[in-house]
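As provided, final.csv (CSV, C-alpha atoms and all ligand atoms) reads as follows.
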chain,number,residue,atom,x,y,z
A,14,MET,CA,20.7,15.6,-8.1
A,15,LYS,CA,21.0,17.8,-11.2
A,16,LYS,CA,18.1,19.7,-12.7
A,17,ARG,CA,18.1,17.5,-15.9
A,18,GLU,CA,17.9,14.4,-13.7
A,19,LEU,CA,14.9,15.8,-11.9
A,20,VAL,CA,13.2,16.7,-15.1
A,21,ALA,CA,13.9,13.2,-16.5
A,22,TRP,CA,12.4,11.7,-13.4
A,23,TRP,CA,9.2,13.6,-13.8
A,24,ARG,CA,9.1,12.8,-17.5
A,25,TRP,CA,9.5,9.1,-16.8
A,26,PHE,CA,6.8,9.4,-14.1
A,27,SER,CA,4.4,11.0,-16.5
A,28,GLU,CA,5.0,8.5,-19.3
A,29,SER,CA,5.5,5.3,-17.4
A,30,GLU,CA,3.4,5.7,-14.2
A,31,CYS,CA,0.6,8.1,-15.2
A,32,ARG,CA,-0.1,7.6,-18.9
A,33,GLY,CA,-3.1,5.3,-19.4
A,34,TYR,CA,-3.9,5.3,-15.7
A,35,SER,CA,-4.2,8.9,-14.5
A,36,PRO,CA,-4.8,11.6,-17.2
A,37,LEU,CA,-4.9,14.2,-14.5
A,38,TYR,CA,-1.5,13.4,-13.0
A,39,GLU,CA,0.0,12.9,-16.5
A,40,SER,CA,-1.0,16.5,-17.5
A,41,ILE,CA,0.2,17.9,-14.1
A,42,SER,CA,3.6,16.0,-14.4
A,43,ASN,CA,4.1,17.4,-17.9
A,44,ALA,CA,3.5,20.9,-16.7
A,45,ILE,CA,6.0,20.3,-13.8
A,46,CYS,CA,8.6,19.2,-16.4
A,47,ALA,CA,8.3,22.6,-18.0
A,48,SER,CA,8.6,24.7,-14.8
A,49,ASP,CA,12.1,25.8,-14.1
A,50,GLU,CA,11.2,27.7,-11.0
A,51,LEU,CA,9.5,24.6,-9.5
A,52,HIS,CA,12.6,22.5,-10.2
A,53,ASP,CA,14.7,25.0,-8.3
A,54,ARG,CA,12.4,24.9,-5.3
A,55,LEU,CA,12.4,21.1,-5.3
A,56,LEU,CA,16.1,20.8,-5.7
A,57,ALA,CA,16.6,23.1,-2.6
A,58,ARG,CA,14.7,20.5,-0.4
A,59,SER,CA,15.7,17.1,1.0
A,60,ASN,CA,15.9,14.0,-1.2
A,61,HIS,CA,12.5,12.4,-0.4
A,62,VAL,CA,10.7,15.7,-1.3
A,63,ARG,CA,11.8,15.4,-4.9
A,64,GLN,CA,9.8,12.1,-5.4
A,65,PRO,CA,7.0,13.0,-7.8
A,66,ASN,CA,4.4,11.4,-5.5
A,67,MET,CA,5.3,13.7,-2.7
A,68,LEU,CA,4.5,17.0,-4.4
A,69,LEU,CA,1.3,15.5,-5.9
A,70,ALA,CA,0.2,14.2,-2.5
A,71,ALA,CA,1.0,17.4,-0.7
A,72,MET,CA,-1.0,19.4,-3.2
A,73,HIS,CA,-3.9,16.8,-3.0
A,74,ASP,CA,-3.8,17.3,0.8
A,75,LEU,CA,-4.3,21.0,0.3
A,76,VAL,CA,-7.2,20.2,-2.1
A,77,LEU,CA,-8.8,17.8,0.5
A,78,ARG,CA,-8.5,20.5,3.1
A,79,GLY,CA,-10.7,22.7,0.9
A,80,GLU,CA,-7.9,25.2,0.5
A,81,ALA,CA,-7.4,25.0,-3.3
A,82,PRO,CA,-10.9,25.2,-4.7
A,83,GLU,CA,-9.9,26.1,-8.3
A,84,LEU,CA,-7.7,23.0,-8.4
A,85,ALA,CA,-10.4,20.9,-6.7
A,86,ALA,CA,-12.6,21.4,-9.7
A,87,HIS,CA,-10.0,19.6,-11.8
A,88,TYR,CA,-9.5,16.9,-9.2
A,89,ASN,CA,-13.3,16.3,-9.0
A,90,SER,CA,-13.9,15.8,-12.7
A,91,PRO,CA,-11.7,12.7,-12.9
A,92,ALA,CA,-12.8,11.3,-16.2
A,93,SER,CA,-11.2,14.0,-18.3
A,94,PRO,CA,-9.1,16.7,-16.6
A,95,LEU,CA,-10.2,20.1,-17.6
A,96,ALA,CA,-7.7,21.9,-19.9
A,97,GLY,CA,-5.2,23.9,-17.9
A,98,ALA,CA,-5.0,21.6,-14.8
A,99,GLY,CA,-1.2,21.3,-15.2
A,100,ASP,CA,-0.5,25.0,-15.4
A,101,LEU,CA,-2.9,25.7,-12.5
A,102,PHE,CA,-1.1,23.1,-10.4
A,103,VAL,CA,2.3,24.7,-11.1
A,104,GLU,CA,0.9,28.2,-10.4
A,105,THR,CA,-0.7,27.1,-7.1
A,106,ALA,CA,2.4,25.1,-6.0
A,107,LEU,CA,4.6,28.2,-6.5
A,108,HIS,CA,2.1,30.5,-4.8
A,109,ARG,CA,1.4,28.2,-1.8
A,110,TRP,CA,5.0,26.8,-1.5
A,111,ASP,CA,5.4,27.9,2.1
A,112,GLU,CA,2.3,25.9,3.1
A,113,LEU,CA,3.4,22.8,1.1
A,114,VAL,CA,6.9,22.6,2.5
A,115,PRO,CA,6.0,21.5,6.1
A,116,VAL,CA,3.9,18.7,4.7
A,117,LEU,CA,6.5,17.7,2.2
A,118,GLU,CA,9.2,17.6,4.9
A,119,ALA,CA,7.2,15.9,7.6
A,120,ARG,CA,5.4,13.2,5.6
A,121,ARG,CA,6.4,10.2,3.5
A,122,THR,CA,4.3,8.7,0.7
A,123,GLN,CA,1.9,6.2,2.2
A,124,THR,CA,-0.4,3.7,0.5
A,125,ASN,CA,-2.8,1.2,1.8
A,126,GLU,CA,-5.0,-0.8,-0.5
A,127,VAL,CA,-8.0,-2.4,1.2
A,128,GLY,CA,-8.7,-4.5,-2.0
A,129,ARG,CA,-5.9,-6.8,-0.9
A,130,VAL,CA,-8.2,-8.4,1.7
A,131,SER,CA,-9.5,-10.5,-1.2
A,132,VAL,CA,-6.0,-12.0,-1.6
A,133,LEU,CA,-5.3,-12.3,2.1
A,134,ALA,CA,-8.6,-14.1,3.0
A,135,PRO,CA,-8.0,-17.4,1.1
A,136,ALA,CA,-4.3,-17.3,2.0
A,137,LEU,CA,-5.1,-17.1,5.7
A,138,ALA,CA,-7.8,-19.8,5.4
A,139,ALA,CA,-5.2,-22.0,3.7
A,140,VAL,CA,-2.4,-21.6,6.3
A,141,VAL,CA,-4.1,-20.9,9.7
A,142,ALA,CA,-5.0,-24.0,11.6
A,143,ASP,CA,-8.3,-24.2,13.6
A,144,GLU,CA,-6.7,-23.1,16.9
A,145,PRO,CA,-7.0,-19.4,17.8
A,146,THR,CA,-4.2,-17.4,16.2
A,147,THR,CA,-2.8,-13.9,16.5
A,148,LEU,CA,-2.2,-12.0,13.3
A,149,ILE,CA,0.6,-9.4,13.0
A,150,ASP,CA,0.5,-7.3,9.8
A,151,VAL,CA,3.9,-5.9,9.2
A,152,GLY,CA,4.0,-2.7,7.2
A,153,THR,CA,0.4,-2.2,7.9
A,154,SER,CA,0.2,1.6,7.1
A,155,ALA,CA,-3.3,2.6,8.4
A,156,GLY,CA,-4.2,-1.1,9.0
A,157,LEU,CA,-6.9,-1.1,6.3
A,158,THR,CA,-6.4,-4.8,5.5
A,159,LEU,CA,-6.9,-5.6,9.2
A,160,THR,CA,-10.6,-4.7,8.6
A,161,LEU,CA,-10.9,-7.9,6.6
A,162,PRO,CA,-13.7,-9.5,8.7
A,163,HIS,CA,-15.8,-6.3,8.3
A,164,CYS,CA,-15.4,-6.1,4.5
A,165,ARG,CA,-17.7,-7.7,2.0
A,166,ILE,CA,-15.6,-9.8,-0.4
A,167,ASP,CA,-17.3,-11.1,-3.5
A,168,TYR,CA,-15.8,-14.0,-5.5
A,169,GLY,CA,-18.7,-14.3,-7.9
A,170,ASP,CA,-20.1,-17.8,-8.1
A,171,ARG,CA,-17.3,-19.1,-5.8
A,172,GLY,CA,-18.9,-17.4,-2.8
A,173,THR,CA,-18.7,-14.3,-0.6
A,174,LEU,CA,-17.2,-13.4,2.8
A,175,GLY,CA,-18.1,-10.7,5.3
A,176,PRO,CA,-21.3,-8.8,6.1
A,177,ALA,CA,-23.6,-8.1,3.1
A,178,ASP,CA,-24.1,-4.5,4.3
A,179,SER,CA,-20.4,-3.6,4.7
A,180,PRO,CA,-19.5,-0.1,3.3
A,181,VAL,CA,-16.4,-1.7,1.8
A,182,CYS,CA,-17.1,-4.1,-1.0
A,183,VAL,CA,-14.2,-5.9,-2.8
A,184,ASP,CA,-14.9,-7.8,-6.0
A,185,CYS,CA,-12.4,-10.5,-6.9
A,186,GLU,CA,-12.3,-12.7,-9.9
A,187,ILE,CA,-10.9,-16.2,-9.5
A,188,LEU,CA,-9.0,-16.8,-12.7
A,189,GLY,CA,-7.8,-20.3,-11.8
A,190,GLY,CA,-7.6,-23.0,-9.1
A,191,ASP,CA,-9.8,-23.5,-6.0
A,192,PRO,CA,-8.9,-21.1,-3.2
A,193,PRO,CA,-10.6,-21.7,0.2
A,194,ILE,CA,-13.3,-19.2,0.7
A,195,ARG,CA,-13.9,-19.3,4.5
A,196,PRO,CA,-12.9,-17.3,7.5
A,197,ALA,CA,-9.7,-18.1,9.3
A,198,ALA,CA,-9.5,-18.7,13.1
A,199,ILE,CA,-7.9,-15.3,13.9
A,200,THR,CA,-8.7,-14.0,17.3
A,201,ARG,CA,-6.4,-10.9,17.5
A,202,ARG,CA,-5.1,-8.6,14.9
A,203,ILE,CA,-2.1,-6.3,15.3
A,204,GLY,CA,-0.6,-3.9,12.8
A,205,LEU,CA,3.1,-2.9,12.9
A,206,ASP,CA,4.5,0.0,10.9
A,207,ARG,CA,7.4,2.3,11.4
A,208,ARG,CA,5.1,5.2,10.4
A,209,PRO,CA,1.5,3.9,11.1
A,210,LEU,CA,-1.4,6.2,10.1
A,211,ASP,CA,-4.2,6.4,12.6
A,212,PRO,CA,-7.6,6.2,10.8
A,213,ASN,CA,-9.1,8.1,13.8
A,214,ASP,CA,-6.7,11.1,13.3
A,215,PRO,CA,-8.2,13.4,10.6
A,216,ALA,CA,-4.7,14.6,9.4
A,217,ASP,CA,-3.4,11.0,9.1
A,218,ALA,CA,-6.6,9.8,7.3
A,219,ARG,CA,-6.5,12.8,5.0
A,220,TRP,CA,-2.8,12.1,4.2
A,221,LEU,CA,-3.6,8.6,3.2
A,222,LEU,CA,-6.3,9.9,0.9
A,223,ALA,CA,-3.9,12.6,-0.4
A,224,CYS,CA,-1.5,9.8,-1.4
A,225,THR,CA,-4.3,8.1,-3.4
A,226,TRP,CA,-4.5,9.3,-7.0
A,227,PRO,CA,-7.7,11.2,-7.5
A,228,ASP,CA,-8.8,10.0,-10.9
A,229,THR,CA,-8.1,6.2,-10.5
A,230,GLY,CA,-11.4,5.2,-8.9
A,231,ARG,CA,-9.7,4.3,-5.6
A,232,LEU,CA,-10.4,7.3,-3.5
A,233,GLU,CA,-14.0,6.5,-2.5
A,234,ARG,CA,-13.3,3.0,-1.3
A,235,THR,CA,-10.2,4.1,0.6
A,236,ARG,CA,-12.3,6.7,2.3
A,237,ALA,CA,-14.9,4.1,3.2
A,238,ALA,CA,-12.2,1.7,4.4
A,239,LEU,CA,-10.7,4.5,6.6
A,240,ASP,CA,-14.2,5.0,8.2
A,241,LEU,CA,-14.5,1.3,8.7
A,242,ALA,CA,-11.1,1.1,10.3
A,243,ALA,CA,-12.0,4.0,12.6
A,244,ALA,CA,-15.2,2.3,13.6
A,245,HIS,CA,-13.4,-1.0,14.3
A,246,PRO,CA,-10.0,0.1,15.6
A,247,SER,CA,-7.2,-2.4,15.3
A,248,GLU,CA,-4.1,-2.5,17.5
A,249,LEU,CA,-1.6,-0.4,15.6
A,250,ARG,CA,2.0,-0.3,16.9
A,251,THR,CA,4.8,1.9,15.8
A,252,GLY,CA,7.9,-0.1,15.2
A,253,ASP,CA,10.4,-1.5,12.7
A,254,ALA,CA,9.9,-4.9,11.0
A,255,VAL,CA,13.4,-6.0,12.1
A,256,THR,CA,14.3,-4.2,15.3
A,257,ASP,CA,10.9,-4.0,17.0
A,258,LEU,CA,9.2,-7.2,15.9
A,259,PRO,CA,11.1,-9.5,18.3
A,260,ALA,CA,9.7,-7.6,21.3
A,261,LEU,CA,6.2,-7.8,19.9
A,262,LEU,CA,6.5,-11.6,19.2
A,263,ALA,CA,7.8,-12.1,22.8
A,264,GLU,CA,4.7,-10.5,24.2
A,265,LEU,CA,2.4,-12.9,22.5
A,266,GLU,CA,1.5,-16.5,23.3
A,267,GLY,CA,0.2,-19.2,21.0
A,268,PRO,CA,0.2,-19.6,17.2
A,269,ILE,CA,1.1,-16.5,15.1
A,270,VAL,CA,0.5,-15.6,11.5
A,271,VAL,CA,2.5,-12.7,10.2
A,272,THR,CA,1.4,-11.0,7.0
A,273,THR,CA,3.3,-8.7,4.7
A,274,THR,CA,1.4,-7.2,1.7
A,275,TRP,CA,3.4,-5.2,-0.6
A,276,ALA,CA,5.6,-4.1,2.3
A,277,LEU,CA,8.7,-6.3,2.2
A,278,ALA,CA,9.9,-4.6,-1.0
A,279,TYR,CA,10.5,-1.5,1.1
A,280,LEU,CA,13.2,-3.3,3.1
A,281,PRO,CA,16.7,-3.4,1.7
A,282,ASP,CA,18.0,-7.0,1.0
A,283,HIS,CA,19.9,-7.3,4.3
A,284,ALA,CA,16.8,-6.2,6.3
A,285,ARG,CA,14.7,-8.8,4.4
A,286,ALA,CA,17.1,-11.5,5.5
A,287,ALA,CA,17.1,-10.2,9.1
A,288,PHE,CA,13.3,-10.2,9.0
A,289,VAL,CA,13.2,-13.9,8.2
A,290,ASN,CA,15.7,-14.5,11.0
A,291,VAL,CA,13.3,-12.7,13.4
A,292,LEU,CA,10.4,-14.9,12.3
A,293,SER,CA,12.6,-18.0,12.8
A,294,ALA,CA,13.5,-17.0,16.3
A,295,GLY,CA,9.9,-16.2,17.1
A,296,SER,CA,8.8,-19.7,16.2
A,297,VAL,CA,10.6,-21.4,19.0
A,298,GLY,CA,7.9,-23.1,21.2
A,299,ARG,CA,5.0,-22.4,18.8
A,300,PRO,CA,4.1,-22.5,15.1
A,301,LEU,CA,4.6,-19.2,13.2
A,302,ARG,CA,3.4,-18.8,9.7
A,303,TRP,CA,4.2,-16.0,7.2
A,304,VAL,CA,1.8,-15.1,4.5
A,305,SER,CA,3.5,-12.9,1.9
A,306,CYS,CA,1.9,-11.0,-1.0
A,307,GLU,CA,4.7,-9.3,-2.7
A,308,ALA,CA,6.2,-8.7,-6.2
A,309,PRO,CA,8.0,-11.6,-7.8
A,310,GLY,CA,11.5,-12.1,-6.4
A,311,VAL,CA,10.9,-10.1,-3.2
A,312,VAL,CA,10.5,-13.2,-1.0
A,313,ASP,CA,13.5,-15.6,-1.3
A,314,GLY,CA,13.0,-19.3,-1.6
A,315,LEU,CA,9.4,-19.6,-2.7
A,316,PRO,CA,8.9,-22.2,-5.4
A,317,GLU,CA,8.8,-20.4,-8.8
A,318,ILE,CA,5.6,-20.8,-10.7
A,319,ASP,CA,5.0,-19.0,-14.0
A,320,PRO,CA,2.7,-16.0,-13.4
A,321,PRO,CA,-0.5,-15.6,-15.4
A,322,ASP,CA,-0.3,-13.1,-18.2
A,323,VAL,CA,-3.3,-10.9,-17.6
A,324,GLU,CA,-3.5,-7.5,-19.4
A,325,GLY,CA,0.2,-7.0,-19.1
A,326,ILE,CA,0.0,-6.6,-15.3
A,327,SER,CA,2.8,-8.0,-13.3
A,328,ALA,CA,1.2,-10.5,-10.9
A,329,SER,CA,2.2,-10.6,-7.3
A,330,VAL,CA,3.2,-13.8,-5.6
A,331,VAL,CA,1.1,-15.1,-2.7
A,332,GLY,CA,3.5,-17.2,-0.5
A,333,SER,CA,3.3,-19.2,2.7
A,334,THR,CA,6.4,-19.9,4.8
A,335,VAL,CA,6.1,-22.0,7.9
A,336,PHE,CA,8.6,-21.8,10.8
A,337,ARG,CA,8.8,-24.3,13.6
A,338,GLY,CA,11.3,-24.6,16.4
A,339,GLY,CA,13.5,-21.8,14.9
A,340,ILE,CA,13.7,-23.1,11.4
A,341,ILE,CA,11.8,-23.0,8.1
A,342,THR,CA,9.9,-26.2,7.6
A,343,GLU,CA,7.8,-25.4,4.5
A,344,ARG,CA,7.6,-22.9,1.7
A,345,ARG,CA,4.7,-22.8,-0.7
A,346,ALA,CA,3.6,-20.5,-3.6
A,347,LEU,CA,-0.1,-20.4,-2.9
A,348,GLY,CA,-1.0,-18.3,-6.0
A,349,HIS,CA,-0.6,-15.2,-8.0
A,350,ALA,CA,-2.7,-12.1,-7.5
A,351,HIS,CA,-3.5,-8.7,-9.0
A,352,PRO,CA,-1.5,-6.1,-6.9
A,353,HIS,CA,-4.8,-4.5,-5.8
A,354,GLY,CA,-6.7,-7.8,-5.4
A,355,HIS,CA,-8.9,-7.6,-8.5
A,356,TRP,CA,-8.2,-11.2,-9.3
A,357,ILE,CA,-6.4,-14.3,-7.9
A,358,TRP,CA,-5.0,-17.3,-9.6
A,359,TRP,CA,-4.7,-20.2,-7.1
A,360,HIS,CA,-2.1,-22.9,-7.3
A,361,GLN,CA,-2.7,-25.0,-4.2
B,401,LIG,C1,3.3,0.2,0.3
B,401,LIG,S1,2.9,0.3,2.0
B,401,LIG,C2,1.9,-1.2,2.1
B,401,LIG,C3,0.8,-1.0,3.1
B,401,LIG,C4,-0.1,-2.2,3.3
B,401,LIG,N1,0.6,-3.4,3.7
B,401,LIG,C5,-0.9,-2.5,2.0
B,401,LIG,O1,-0.8,-3.6,1.5
B,401,LIG,O2,-1.7,-1.7,1.6
B,401,LIG,C6,4.4,-0.1,2.8
B,401,LIG,C7,4.3,0.1,4.3
B,401,LIG,O3,5.5,-0.4,4.9
B,401,LIG,C8,6.0,0.4,5.9
B,401,LIG,N2,7.4,0.1,6.2
B,401,LIG,C9,8.4,0.3,5.3
B,401,LIG,N3,9.5,-0.2,5.9
B,401,LIG,C10,9.2,-0.6,7.1
B,401,LIG,C11,10.0,-1.2,8.2
B,401,LIG,N4,11.3,-1.4,8.1
B,401,LIG,N5,9.3,-1.5,9.3
B,401,LIG,C12,8.0,-1.4,9.4
B,401,LIG,N6,7.2,-0.8,8.4
B,401,LIG,C13,7.8,-0.4,7.3
B,401,LIG,C14,5.7,1.8,5.4
B,401,LIG,O4,5.7,2.8,6.4
B,401,LIG,C15,4.4,1.6,4.7
B,401,LIG,O5,3.3,1.9,5.5
Can I see the file as structure tokens?
Amino acid sequence: MKKRELVAWWRWFSESECRGYSPLYESISNAICASDELHDRLLARSNHVRQPNMLLAAMHDLVLRGEAPELAAHYNSPASPLAGAGDLFVETALHRWDELVPVLEARRTQTNEVGRVSVLAPALAAVVADEPTTLIDVGTSAGLTLTLPHCRIDYGDRGTLGPADSPVCVDCEILGGDPPIRPAAITRRIGLDRRPLDPNDPADARWLLACTWPDTGRLERTRAALDLAAAHPSELRTGDAVTDLPALLAELEGPIVVTTTWALAYLPDHARAAFVNVLSAGSVGRPLRWVSCEAPGVVDGLPEIDPPDVEGISASVVGSTVFRGGIITERRALGHAHPHGHWIWWHQ
């Protein structure tokens, strides 16, 4: 990668990803665009380190460790970043580079949005039959959506799910249709990820927070969700969606529901097709259902329904694919949803 390409990446990141969403990261990204020395340091590292989110997360990790107090003052006044946040970021990054590098090299950006339980809950209620079912969440990250039964989900006048005193509250507006608001008969929940984060491991939990942008209002709920996940541990397995899922499926008896929420997009096309083949093979002798919440076009074969146009946000598609006896027997588009679960639009 050439220096001008790196600068163009940060410029695009500032204007397209941060502007209007994270004033803090917009001002930091602009300052990084202007730092020749930081460009040299980034270009000397491996490819994944150059992704804007990596440097931002590694520095946020330092802040969360309490080791960059001057910068923390900017991160903790999220509404309007204090003047000079960008320059201070660059200065700190250059000065603390040797501490940042091991984190930059060892970690990958990780996100896990607990708000997505509001999308999963009606989708699971719609597809899971009354018989006890095992859920496998593929690409589970820290398994935060596996805490679904312990979260309070509020659908306004359509009803609520979960304990009223849960520390994690998710508000979800139903923009259209009549989604089922009831628990699904899931008796076991397993998360699979090639790099799962353990909510009980302080460094893992901190890294997930570090990857959460500080001034977007998501940090506190993610922190609460990590605590909830630590208090109600799920079975988290390390493994690949294609090469390791068959062994996991072979271990399990009875009906299975597999979920992917904003995870399939991370698989290349050939791996997405291989994943579907793994699900087909796993359905011999029992029903296997796949609930997918993914960006449009990521899951092949779902019926196409026009997405709602809400505030210019690209709605995700909530899909159901049923496998029986090694073949796909049904594909449904259940609805559309806000990528973080703020609203759903039900079609079924
Ligand atoms: C954007 S995160 C989504 C996390 C979570 N499902 C959610 O909705 O918040 C994508 C996750 O998929 C995992 N992942 C990517 N490719 C994978 C693969 N081939 N096998 C297993 N997990 C994978 C990543 O490690 C990451 O944790």
### Task
Could you give me, as a PyMOL selection string, every polymer residue with an atom at most 8 Å away from an atom of ligand LIG 401 (chain B), counting all atoms listed in the file?
chain A and resi 121+123-127+129+150-158+205-210+251-255+273-277+279-280+284
Need to verify the contact set: A:Gly298, 12 Å, all atoms listed in the file, exclusion of same-chain residues closer than 4 positions in sequence. Can you return it as a short mmCIF file (atom, residue, chain, number, x, y, z; two decimals) with C-alpha atoms, in the coordinates of the input?
data_model
loop_
_atom_site.label_atom_id
_atom_site.label_comp_id
_atom_site.auth_asym_id
_atom_site.auth_seq_id
_atom_site.Cartn_x
_atom_site.Cartn_y
_atom_site.Cartn_z
CA LEU A 262 6.50 -11.60 19.20
CA ALA A 263 7.80 -12.10 22.80
CA LEU A 265 2.40 -12.90 22.50
CA GLU A 266 1.50 -16.50 23.30
CA GLY A 267 0.20 -19.20 21.00
CA PRO A 268 0.20 -19.60 17.20
CA ILE A 269 1.10 -16.50 15.10
CA SER A 293 12.60 -18.00 12.80
CA ALA A 294 13.50 -17.00 16.30
CA PHE A 336 8.60 -21.80 10.80
CA ARG A 337 8.80 -24.30 13.60
CA GLY A 338 11.30 -24.60 16.40
CA GLY A 339 13.50 -21.80 14.90
CA ILE A 340 13.70 -23.10 11.40
#
Contact check, stretch 109-186 of chain A to stretch 349-357 of chain A, at most 8 Å, counting all atoms listed in the file, closest pairs as a Markdown table:
| residue | atom | partner | partner_atom | distance |
| --- | --- | --- | --- | --- |
| A:Glu126 | CA | A:His353 | CA | 6.5 |
| A:Val127 | CA | A:His353 | CA | 8.0 |
| A:Gly128 | CA | A:Gly354 | CA | 5.1 |
| A:Arg129 | CA | A:Gly354 | CA | 4.7 |
| A:Val130 | CA | A:Gly354 | CA | 7.3 |
| A:Ser131 | CA | A:Gly354 | CA | 5.7 |
| A:Val132 | CA | A:Gly354 | CA | 5.7 |
| A:Val183 | CA | A:His355 | CA | 8.0 |
| A:Asp184 | CA | A:His355 | CA | 6.5 |
| A:Cys185 | CA | A:His355 | CA | 4.8 |
| A:Glu186 | CA | A:Trp356 | CA | 4.4 |
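Nearest to A:Cys164 of all the residues A:Ala81, A:Leu315, A:Leu241, A:Val181 is A:Val181, counting all atoms listed in the file.
Summary of the local environment: counting all atoms listed in the file, residues at most 8 Å from A:Ile45, other than itself and those fewer than 6 positions away along its chain, are Trp23, Leu51, His52, Gly99 and Val103 of chain A.
In terms of minimum interatomic distance to A:Arg345, A:Ala139 ranks closest within A:Leu222, A:Ala139, A:Asp167, A:Pro115, counting only C-alpha atoms.
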#### Entry: Atomic distance atom CA of A:Leu68 - atom CA of A:Pro309, expressed in Å with one decimal
29.0 Å
### Task
Go through A:Gly230, A:Pro215, A:Pro135, A:Pro65 one by one, measure the shortest atom-to-atom distance of each to A:Ile194 using only C-alpha atoms, and give the residue with the smallest value.
A:Pro135
### Query
From the set A:Gly204, A:Gly79, A:Pro316, A:Gly172, which residue has the shortest atom-to-atom contact distance to A:Glu343, counting all atoms listed in the file?
A:Pro316
### Summary
Between A:Ala218, A:Ile203, A:Met14, A:Ala238, smallest distance to A:Arg250 by all atoms listed in the file belongs to A:Ile203
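If you look at atom CA of A:Ala244 and atom CA of A:Asp178, they are 14.6 Å away from each other.
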### Query
Can you list, as a PyMOL selection string, every protein, DNA or RNA residue that comes within 7 Å of A:Cys46 when you count all atoms listed in the file, leaving out same-chain residues fewer than 4 positions away?
chain A and resi 20+23-24+42
Take the selection from the previous step and output its residues with C-alpha atoms, as a PDB file, keeping the file's coordinate frame.
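Saved file selection.pdb follows:
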ATOM      1  CA  VAL A  20      13.200  16.700 -15.100  1.00  0.00           C
ATOM      2  CA  TRP A  23       9.200  13.600 -13.800  1.00  0.00           C
ATOM      3  CA  ARG A  24       9.100  12.800 -17.500  1.00  0.00           C
ATOM      4  CA  SER A  42       3.600  16.000 -14.400  1.00  0.00           C
TER       5      SER A  42
END
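Using only C-alpha atoms, the nearest neighbour of A:Arg78 within the list A:Ser247, A:Arg219, A:Val331, A:Ser296 is A:Arg219.
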## Note on the structure
note - atom CA of A:Leu148 and atom CA of A:Trp220 are separated by 25.8 Å
### 9 Å contact set for stretch 311-314 of chain A, only C-alpha atoms, chain neighbours under 5 positions out, as a PyMOL selection string
chain A and resi 277-278+282+285-286+305-306+330+332+344
### Task
Mind listing whatever residues come within 8 Å of the point (5.7, -12.1, 8.6)? Use only C-alpha atoms, file coordinates, and give them as a ChimeraX atom specification.
/A:149-151,270-273,288-289,292,302-305
### Message
When you look at A:Met67 with a cut-off of 12 Å (counting all atoms listed in the file), what residues show up, excluding the ones that are within fewer than 2 positions of it in the same chain? I need them as a ChimeraX atom specification.
### Response
/A:23,55,58-65,69-74,113-124,220-221,223-226
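Those DNA, RNA and protein residues that approach the point (-3.0, -25.3, -2.6) to within 12 Å, considering all atoms listed in the file, are Pro135, Ala136, Leu137, Ala138, Ala139, Val140, Gly189, Gly190, Asp191, Pro192, Pro193, Val331, Gly332, Ser333, Arg344, Arg345, Ala346, Leu347, Gly348, His349, Trp358, Trp359, His360 and Gln361 of chain A.
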